[in-house]
$ cat work.pdb   # PDB, C-alpha atoms
ATOM      1  CA  LEU A 112     -12.626 -11.665  -0.295
ATOM      2  CA  ARG A 113     -12.721  -9.609  -3.417
ATOM      3  CA  GLN A 114      -9.890 -10.302  -5.823
ATOM      4  CA  PRO A 115      -8.308  -7.016  -6.946
ATOM      5  CA  SER A 116      -8.302  -6.561 -10.707
ATOM      6  CA  THR A 117      -5.334  -5.328 -12.694
ATOM      7  CA  ALA A 118      -7.133  -2.015 -13.154
ATOM      8  CA  HIS A 119      -7.458  -1.673  -9.390
ATOM      9  CA  CYS A 120      -3.758  -2.460  -8.980
ATOM     10  CA  VAL A 121      -2.739   0.182 -11.497
ATOM     11  CA  ARG A 122      -5.115   2.673  -9.888
ATOM     12  CA  ALA A 123      -3.712   1.858  -6.461
ATOM     13  CA  ARG A 124      -0.149   2.556  -7.627
ATOM     14  CA  GLN A 125      -1.186   5.807  -9.238
ATOM     15  CA  CYS A 126      -2.415   7.035  -5.898
ATOM     16  CA  SER A 127       0.250   8.475  -3.676
ATOM     17  CA  HIS A 128       1.303   6.696  -0.546
ATOM     18  CA  PHE A 129      -0.381   9.398   1.437
ATOM     19  CA  CYS A 130      -3.435   7.835   3.004
ATOM     20  CA  SER A 131      -5.511  10.659   4.310
ATOM     21  CA  SER A 132      -9.223  10.486   3.830
ATOM     22  CA  PHE A 133      -9.761   7.639   1.369
ATOM     23  CA  ALA A 134     -12.524   6.393   3.603
ATOM     24  CA  SER A 135     -13.820   9.608   5.114
ATOM     25  CA  SER A 136     -17.348   8.339   4.730
ATOM     26  CA  ARG A 137     -16.465   5.529   7.128
ATOM     27  CA  SER A 138     -14.376   7.351   9.703
ATOM     28  CA  SER A 139     -14.486  11.096  10.056
ATOM     29  CA  ARG A 140     -12.318  11.135  13.168
ATOM     30  CA  VAL A 141      -9.293   9.706  11.363
ATOM     31  CA  GLN A 142      -8.233  12.350   8.863
ATOM     32  CA  SER A 143      -4.472  12.777   9.353
ATOM     33  CA  GLN A 144      -2.030  12.099   6.571
ATOM     34  CA  VAL A 145       0.375   9.250   7.113
ATOM     35  CA  ILE A 146       3.233   8.054   4.964
ATOM     36  CA  LEU A 147       3.474   4.297   4.945
ATOM     37  CA  ARG A 148       6.796   2.608   4.498
ATOM     38  CA  SER A 149       7.044  -0.835   3.006
ATOM     39  CA  SER A 150       8.534  -3.759   4.862
ATOM     40  CA  GLU A 151      11.562  -3.557   2.571
ATOM     41  CA  SER A 152      12.556  -0.148   3.906
ATOM     42  CA  SER A 153      15.068  -0.357   6.677
ATOM     43  CA  GLU A 154      13.931   0.343  10.201
ATOM     44  CA  ASP A 155      17.445   1.635  10.904
ATOM     45  CA  GLU A 156      17.365   4.388   8.279
ATOM     46  CA  ASP A 157      17.758   7.918   9.547
ATOM     47  CA  ASP A 158      14.362   9.455   8.736
ATOM     48  CA  THR A 159      15.755  12.988   9.107
ATOM     49  CA  GLN A 160      18.189  12.399   6.241
ATOM     50  CA  ALA A 161      17.271  14.215   3.029
ATOM     51  CA  LEU A 162      15.924  11.822   0.421
ATOM     52  CA  GLU A 163      17.081  11.847  -3.186
ATOM     53  CA  PRO A 164      14.342  13.226  -5.493
ATOM     54  CA  ILE A 165      12.052  10.438  -6.705
ATOM     55  CA  GLY A 166      12.768  11.288 -10.355
ATOM     56  CA  GLU A 167      16.473  10.630  -9.857
ATOM     57  CA  VAL A 168      15.722   7.440  -7.943
ATOM     58  CA  LEU A 169      13.451   6.103 -10.678
ATOM     59  CA  ALA A 170      15.937   7.110 -13.379
ATOM     60  CA  GLY A 171      18.596   5.085 -11.590
ATOM     61  CA  VAL A 172      16.292   2.075 -11.345
ATOM     62  CA  ALA A 173      15.265   2.395 -15.008
ATOM     63  CA  GLU A 174      18.930   2.237 -16.054
ATOM     64  CA  ILE A 175      19.403  -1.211 -14.497
ATOM     65  CA  THR A 176      19.305  -3.724 -17.346
ATOM     66  CA  ASN A 177      19.274  -6.929 -15.285
ATOM     67  CA  GLY A 178      15.605  -7.696 -14.546
ATOM     68  CA  GLU A 179      16.207  -9.273 -11.119
ATOM     69  CA  GLU A 180      18.451  -6.437  -9.993
ATOM     70  CA  ARG A 181      15.949  -3.855 -11.287
ATOM     71  CA  MET A 182      13.087  -5.532  -9.358
ATOM     72  CA  LYS A 183      15.243  -5.654  -6.219
ATOM     73  CA  ALA A 184      16.037  -1.951  -6.542
ATOM     74  CA  LEU A 185      12.371  -1.153  -7.244
ATOM     75  CA  ARG A 186      11.277  -3.083  -4.135
ATOM     76  CA  GLU A 187      13.640  -0.944  -2.054
ATOM     77  CA  VAL A 188      12.157   2.340  -3.298
ATOM     78  CA  TYR A 189       8.557   1.222  -3.847
ATOM     79  CA  TRP A 190       7.340   3.057  -0.752
ATOM     80  CA  ARG A 191       8.622   6.343  -2.232
ATOM     81  CA  VAL A 192       6.829   6.156  -5.581
ATOM     82  CA  ASP A 193       4.218   8.887  -5.222
ATOM     83  CA  ASN A 194       2.129  10.937  -7.656
ATOM     84  CA  GLU A 195       5.201  12.885  -8.769
ATOM     85  CA  GLY A 196       6.990   9.631  -9.554
ATOM     86  CA  MET A 197       3.979   8.248 -11.405
ATOM     87  CA  GLN A 198       3.658  11.438 -13.465
ATOM     88  CA  LEU A 199       7.321  11.249 -14.445
ATOM     89  CA  LEU A 200       6.920   7.563 -15.289
ATOM     90  CA  ALA A 201       3.851   8.299 -17.444
ATOM     91  CA  GLN A 202       5.711  11.087 -19.259
ATOM     92  CA  LYS A 203       8.724   8.885 -19.990
ATOM     93  CA  VAL A 204       6.491   6.043 -21.205
ATOM     94  CA  SER A 205       4.511   8.411 -23.464
ATOM     95  CA  ASP A 206       7.847   9.605 -24.881
ATOM     96  CA  GLY A 207       8.486   5.993 -25.914
ATOM     97  CA  ASP A 208      11.437   5.345 -23.585
ATOM     98  CA  ALA A 209      11.796   1.538 -23.546
ATOM     99  CA  ALA A 210      13.627   1.453 -20.194
ATOM    100  CA  TRP A 211      10.789   3.350 -18.532
ATOM    101  CA  GLU A 212       8.207   1.083 -20.203
ATOM    102  CA  THR A 213      10.015  -1.876 -18.640
ATOM    103  CA  LEU A 214      10.069  -0.053 -15.308
ATOM    104  CA  LEU A 215       6.298   0.509 -15.563
ATOM    105  CA  ALA A 216       5.732  -3.192 -16.252
ATOM    106  CA  ASP A 217       7.905  -4.076 -13.235
ATOM    107  CA  LEU A 218       5.995  -1.606 -11.090
ATOM    108  CA  GLN A 219       2.676  -3.144 -12.165
ATOM    109  CA  THR A 220       4.008  -6.622 -11.364
ATOM    110  CA  LEU A 221       5.198  -5.470  -7.951
ATOM    111  CA  THR A 222       1.863  -3.776  -7.273
ATOM    112  CA  GLN A 223      -0.006  -6.971  -8.181
ATOM    113  CA  GLU A 224       2.240  -8.892  -5.765
ATOM    114  CA  ARG A 225       1.505  -6.331  -3.051
ATOM    115  CA  MET A 226      -2.229  -6.534  -3.702
ATOM    116  CA  GLU A 227      -2.086 -10.330  -3.403
ATOM    117  CA  ALA A 228      -0.112  -9.956  -0.171
ATOM    118  CA  GLY A 229      -2.736  -7.441   1.028
ATOM    119  CA  LYS A 230      -5.475  -9.965   0.304
ATOM    120  CA  THR A 231      -3.596 -12.654   2.237
ATOM    121  CA  THR A 232      -3.053 -10.264   5.159
ATOM    122  CA  LEU A 233      -6.747  -9.355   5.257
ATOM    123  CA  MET A 234      -7.722 -13.027   5.190
ATOM    124  CA  GLU A 235      -5.375 -13.659   8.110
ATOM    125  CA  LEU A 236      -6.874 -10.768  10.071
ATOM    126  CA  LEU A 237     -10.429 -11.917   9.350
ATOM    127  CA  SER A 238      -9.587 -15.418  10.583
ATOM    128  CA  ALA A 239      -8.147 -14.159  13.892
ATOM    129  CA  GLY A 240     -11.308 -15.139  15.756
ATOM    130  CA  GLU A 241     -11.036 -12.993  18.866
ATOM    131  CA  ILE A 242     -10.819  -9.219  18.970
ATOM    132  CA  THR A 243      -7.693  -9.174  21.177
ATOM    133  CA  ILE A 244      -5.883 -11.505  18.768
ATOM    134  CA  LEU A 245      -7.045  -9.377  15.841
ATOM    135  CA  ASP A 246      -5.837  -6.167  17.491
ATOM    136  CA  GLY A 247      -2.482  -7.758  18.313
ATOM    137  CA  LYS A 248      -2.000  -8.829  14.716
ATOM    138  CA  ILE A 249      -2.919  -5.365  13.437
ATOM    139  CA  THR A 250      -0.367  -3.772  15.773
ATOM    140  CA  LYS A 251       2.313  -6.226  14.651
ATOM    141  CA  PHE A 252       1.505  -5.844  10.955
ATOM    142  CA  VAL A 253       1.591  -2.037  11.064
ATOM    143  CA  ARG A 254       4.848  -2.071  13.041
ATOM    144  CA  THR A 255       6.556  -4.475  10.612
ATOM    145  CA  GLY A 256       5.261  -2.823   7.435
ATOM    146  CA  VAL A 257       3.054  -5.750   6.377
ATOM    147  CA  ILE A 258       0.159  -3.307   6.247
ATOM    148  CA  ASP A 259       1.026  -1.031   3.358
ATOM    149  CA  PRO A 260      -0.907   1.036   0.798
ATOM    150  CA  ALA A 261      -1.788  -2.086  -1.202
ATOM    151  CA  PHE A 262      -3.347  -3.642   1.898
ATOM    152  CA  LEU A 263      -5.336  -0.450   2.472
ATOM    153  CA  ASN A 264      -6.624  -0.624  -1.099
ATOM    154  CA  VAL A 265      -7.706  -4.262  -0.645
ATOM    155  CA  LEU A 266      -9.382  -3.306   2.644
ATOM    156  CA  ASN A 267     -11.147  -0.392   0.941
ATOM    157  CA  LEU A 268     -12.415  -2.639  -1.882
ATOM    158  CA  ASN A 269     -13.793  -5.098   0.665
ATOM    159  CA  LEU A 270     -15.408  -2.314   2.705
ATOM    160  CA  ASP A 271     -17.150  -1.121  -0.457
ATOM    161  CA  ASP A 272     -18.380  -4.655  -1.221
ATOM    162  CA  ALA A 273     -19.647  -5.153   2.322
ATOM    163  CA  GLN A 274     -21.505  -1.821   2.207
ATOM    164  CA  LYS A 275     -23.110  -2.757  -1.105
ATOM    165  CA  ALA A 276     -24.230  -6.106   0.352
ATOM    166  CA  GLY A 277     -26.447  -4.233   2.824
ATOM    167  CA  SER A 278     -27.866  -6.314   5.663
ATOM    168  CA  ASP A 279     -26.327  -9.475   4.169
ATOM    169  CA  GLY A 280     -22.827  -8.084   4.799
ATOM    170  CA  GLU A 281     -23.520  -6.219   8.042
ATOM    171  CA  GLN A 282     -21.383  -8.415  10.316
ATOM    172  CA  ARG A 283     -18.536  -8.471   7.799
ATOM    173  CA  LEU A 284     -18.829  -4.690   7.422
ATOM    174  CA  GLN A 285     -18.526  -4.196  11.185
ATOM    175  CA  VAL A 286     -15.381  -6.342  11.358
ATOM    176  CA  LEU A 287     -13.844  -4.532   8.370
ATOM    177  CA  ILE A 288     -14.631  -1.132   9.902
ATOM    178  CA  HIS A 289     -12.968  -2.272  13.132
ATOM    179  CA  ILE A 290      -9.879  -3.360  11.170
ATOM    180  CA  TYR A 291      -9.809  -0.057   9.312
ATOM    181  CA  THR A 292     -10.144   1.969  12.515
ATOM    182  CA  ARG A 293      -7.456  -0.014  14.351
ATOM    183  CA  VAL A 294      -5.063   0.255  11.385
ATOM    184  CA  GLN A 295      -5.537   4.041  11.307
ATOM    185  CA  GLU A 296      -4.958   4.260  15.077
ATOM    186  CA  GLU A 297      -1.742   2.248  14.817
ATOM    187  CA  MET A 298      -0.524   4.307  11.848
ATOM    188  CA  GLU A 299      -1.161   7.507  13.798
ATOM    189  CA  LYS A 300       0.961   6.166  16.661
ATOM    190  CA  ARG A 301       3.835   5.564  14.238
ATOM    191  CA  ALA A 302       3.543   8.941  12.528
TER     192      ALA A 302
END

$ encode --input "work.pdb" --output "structure tokens"
Amino acid sequence: LRQPSTAHCVRARQCSHFCSSFASSRSSRVQSQVILRSSESSEDEDDTQALEPIGEVLAGVAEITNGEERMKALREVYWRVDNEGMQLLAQKVSDGDAAWETLLADLQTLTQERMEAGKTTLMELLSAGEITILDGKITKFVRTGVIDPAFLNVLNLNLDDAQKAGSDGEQRLQVLIHIYTRVQEEMEKRA
């Protein structure tokens, strides 16, 4: 499996959590936009409830001085950090705001953790052996939030590598395409 670099992790965070056609060249039939929620978000939350603007949420997290508490708060809102949030973060960092610089570092650390978890999840899926076991794991992982945007980025990186390998990576490519397709199907069911 390809190890995601720090640059890939930063790039992955800068993308919004909207996963629409990042792999349109691989699957033209799956083009709907889906918001993914992390496993830290509560299943019991009322999804119809209006959400606080992401700028206010991030400002509240940036104000937390205790590093552990700040990371805990960031984990809870990680799924909401979209392009708007990243733009605000970039602006605050360019203004030299130390609290926001710390928040950016925490966000990069959390993204690296998520990418590592995505790699582990992909390895577990690839070792499933049988297609029915694989499909069952995919369903479970989507339902529980284990499959998140970081996992999708790791999957995308591995799809790219398998495509570049040509005939040497053909079997791996087919399995990865199956995983991608099944993940998209399960996400559409949850949307």

$ resolve_selection --input "work.pdb" --expression "the PyMOL selection byres ((chain A and resi 250-257) around 12)" --output "MDAnalysis selection string"
chainID A and resid 146:154 190 225:233 235:236 243:249 258:263 290:302

$ resolve_selection --input "work.pdb" --expression "the PyMOL selection byres ((chain A and resi 201-204) around 12)" --output "number ranges by chain"
A: 125, 166, 169-170, 173, 194-200, 205-216, 218

$ write_last_selection --input "work.pdb" --atoms "C-alpha atoms" --output "compact mmCIF listing (two decimals), in the frame of the given file"
# COMPACT_ATOMS: atom_id res chain seq x y z
CA GLN A 125 -1.19 5.81 -9.24
CA GLY A 166 12.77 11.29 -10.36
CA LEU A 169 13.45 6.10 -10.68
CA ALA A 170 15.94 7.11 -13.38
CA ALA A 173 15.26 2.40 -15.01
CA ASN A 194 2.13 10.94 -7.66
CA GLU A 195 5.20 12.88 -8.77
CA GLY A 196 6.99 9.63 -9.55
CA MET A 197 3.98 8.25 -11.40
CA GLN A 198 3.66 11.44 -13.46
CA LEU A 199 7.32 11.25 -14.44
CA LEU A 200 6.92 7.56 -15.29
CA SER A 205 4.51 8.41 -23.46
CA ASP A 206 7.85 9.60 -24.88
CA GLY A 207 8.49 5.99 -25.91
CA ASP A 208 11.44 5.34 -23.58
CA ALA A 209 11.80 1.54 -23.55
CA ALA A 210 13.63 1.45 -20.19
CA TRP A 211 10.79 3.35 -18.53
CA GLU A 212 8.21 1.08 -20.20
CA THR A 213 10.02 -1.88 -18.64
CA LEU A 214 10.07 -0.05 -15.31
CA LEU A 215 6.30 0.51 -15.56
CA ALA A 216 5.73 -3.19 -16.25
CA LEU A 218 6.00 -1.61 -11.09

$ atom_distance --input "work.pdb" --atom1 "atom CA of Glu167 of chain A" --atom2 "atom CA of Glu187 of chain A"
14.2 Å

$ atom_distance --input "work.pdb" --atom1 "atom CA of Pro164 of chain A" --atom2 "atom CA of Arg191 of chain A"
9.5 Å

$ atom_distance --input "work.pdb" --atom1 "atom CA of Ala184 of chain A" --atom2 "atom CA of Leu266 of chain A"
27.1 Å

$ decode --input "work.pdb" --residues "segment 244-265 of chain A" --atoms "N, CA and C atoms" --output "PDB file, in the first residue's frame"
ATOM      1  N   ILE A 244     -17.316 -11.356   2.244  1.00  0.00           N
ATOM      2  CA  ILE A 244     -16.726 -10.819   3.473  1.00  0.00           C
ATOM      3  C   ILE A 244     -16.309  -9.373   3.244  1.00  0.00           C
ATOM      4  N   LEU A 245     -15.695  -9.113   2.095  1.00  0.00           N
ATOM      5  CA  LEU A 245     -15.280  -7.761   1.741  1.00  0.00           C
ATOM      6  C   LEU A 245     -16.478  -6.818   1.719  1.00  0.00           C
ATOM      7  N   ASP A 246     -17.543  -7.219   1.048  1.00  0.00           N
ATOM      8  CA  ASP A 246     -18.737  -6.375   0.956  1.00  0.00           C
ATOM      9  C   ASP A 246     -19.353  -6.126   2.326  1.00  0.00           C
ATOM     10  N   GLY A 247     -19.359  -7.140   3.182  1.00  0.00           N
ATOM     11  CA  GLY A 247     -19.879  -6.977   4.532  1.00  0.00           C
ATOM     12  C   GLY A 247     -19.070  -5.973   5.337  1.00  0.00           C
ATOM     13  N   LYS A 248     -17.757  -6.044   5.197  1.00  0.00           N
ATOM     14  CA  LYS A 248     -16.895  -5.097   5.903  1.00  0.00           C
ATOM     15  C   LYS A 248     -17.108  -3.679   5.386  1.00  0.00           C
ATOM     16  N   ILE A 249     -17.244  -3.530   4.081  1.00  0.00           N
ATOM     17  CA  ILE A 249     -17.473  -2.197   3.510  1.00  0.00           C
ATOM     18  C   ILE A 249     -18.758  -1.610   4.070  1.00  0.00           C
ATOM     19  N   THR A 250     -19.825  -2.411   4.085  1.00  0.00           N
ATOM     20  CA  THR A 250     -21.111  -1.949   4.613  1.00  0.00           C
ATOM     21  C   THR A 250     -20.960  -1.507   6.066  1.00  0.00           C
ATOM     22  N   LYS A 251     -20.296  -2.321   6.862  1.00  0.00           N
ATOM     23  CA  LYS A 251     -20.089  -2.009   8.276  1.00  0.00           C
ATOM     24  C   LYS A 251     -19.256  -0.744   8.442  1.00  0.00           C
ATOM     25  N   PHE A 252     -18.178  -0.626   7.678  1.00  0.00           N
ATOM     26  CA  PHE A 252     -17.283   0.516   7.820  1.00  0.00           C
ATOM     27  C   PHE A 252     -17.941   1.824   7.389  1.00  0.00           C
ATOM     28  N   VAL A 253     -18.768   1.790   6.362  1.00  0.00           N
ATOM     29  CA  VAL A 253     -19.478   3.007   5.951  1.00  0.00           C
ATOM     30  C   VAL A 253     -20.490   3.374   7.027  1.00  0.00           C
ATOM     31  N   ARG A 254     -21.227   2.390   7.518  1.00  0.00           N
ATOM     32  CA  ARG A 254     -22.265   2.628   8.522  1.00  0.00           C
ATOM     33  C   ARG A 254     -21.683   3.219   9.809  1.00  0.00           C
ATOM     34  N   THR A 255     -20.508   2.746  10.222  1.00  0.00           N
ATOM     35  CA  THR A 255     -19.914   3.195  11.480  1.00  0.00           C
ATOM     36  C   THR A 255     -19.012   4.412  11.332  1.00  0.00           C
ATOM     37  N   GLY A 256     -18.791   4.884  10.117  1.00  0.00           N
ATOM     38  CA  GLY A 256     -17.972   6.067   9.905  1.00  0.00           C
ATOM     39  C   GLY A 256     -16.483   5.790   9.806  1.00  0.00           C
ATOM     40  N   VAL A 257     -16.091   4.508   9.777  1.00  0.00           N
ATOM     41  CA  VAL A 257     -14.676   4.165   9.625  1.00  0.00           C
ATOM     42  C   VAL A 257     -14.182   4.627   8.261  1.00  0.00           C
ATOM     43  N   ILE A 258     -15.034   4.504   7.268  1.00  0.00           N
ATOM     44  CA  ILE A 258     -14.694   5.003   5.929  1.00  0.00           C
ATOM     45  C   ILE A 258     -15.072   6.475   5.897  1.00  0.00           C
ATOM     46  N   ASP A 259     -14.051   7.306   5.826  1.00  0.00           N
ATOM     47  CA  ASP A 259     -14.213   8.751   5.851  1.00  0.00           C
ATOM     48  C   ASP A 259     -13.425   9.362   4.689  1.00  0.00           C
ATOM     49  N   PRO A 260     -13.396  10.673   4.566  1.00  0.00           N
ATOM     50  CA  PRO A 260     -12.673  11.285   3.448  1.00  0.00           C
ATOM     51  C   PRO A 260     -11.194  10.892   3.380  1.00  0.00           C
ATOM     52  N   ALA A 261     -10.557  10.701   4.522  1.00  0.00           N
ATOM     53  CA  ALA A 261      -9.149  10.295   4.509  1.00  0.00           C
ATOM     54  C   ALA A 261      -9.004   8.904   3.895  1.00  0.00           C
ATOM     55  N   PHE A 262      -9.923   8.002   4.220  1.00  0.00           N
ATOM     56  CA  PHE A 262      -9.885   6.675   3.607  1.00  0.00           C
ATOM     57  C   PHE A 262     -10.044   6.797   2.096  1.00  0.00           C
ATOM     58  N   LEU A 263     -10.981   7.641   1.664  1.00  0.00           N
ATOM     59  CA  LEU A 263     -11.204   7.810   0.224  1.00  0.00           C
ATOM     60  C   LEU A 263      -9.956   8.355  -0.468  1.00  0.00           C
ATOM     61  N   ASN A 264      -9.222   9.220   0.205  1.00  0.00           N
ATOM     62  CA  ASN A 264      -7.981   9.733  -0.375  1.00  0.00           C
ATOM     63  C   ASN A 264      -6.938   8.622  -0.499  1.00  0.00           C
ATOM     64  N   VAL A 265      -6.798   7.802   0.543  1.00  0.00           N
ATOM     65  CA  VAL A 265      -5.866   6.670   0.491  1.00  0.00           C
ATOM     66  C   VAL A 265      -6.272   5.715  -0.629  1.00  0.00           C
TER      67      VAL A 265
END
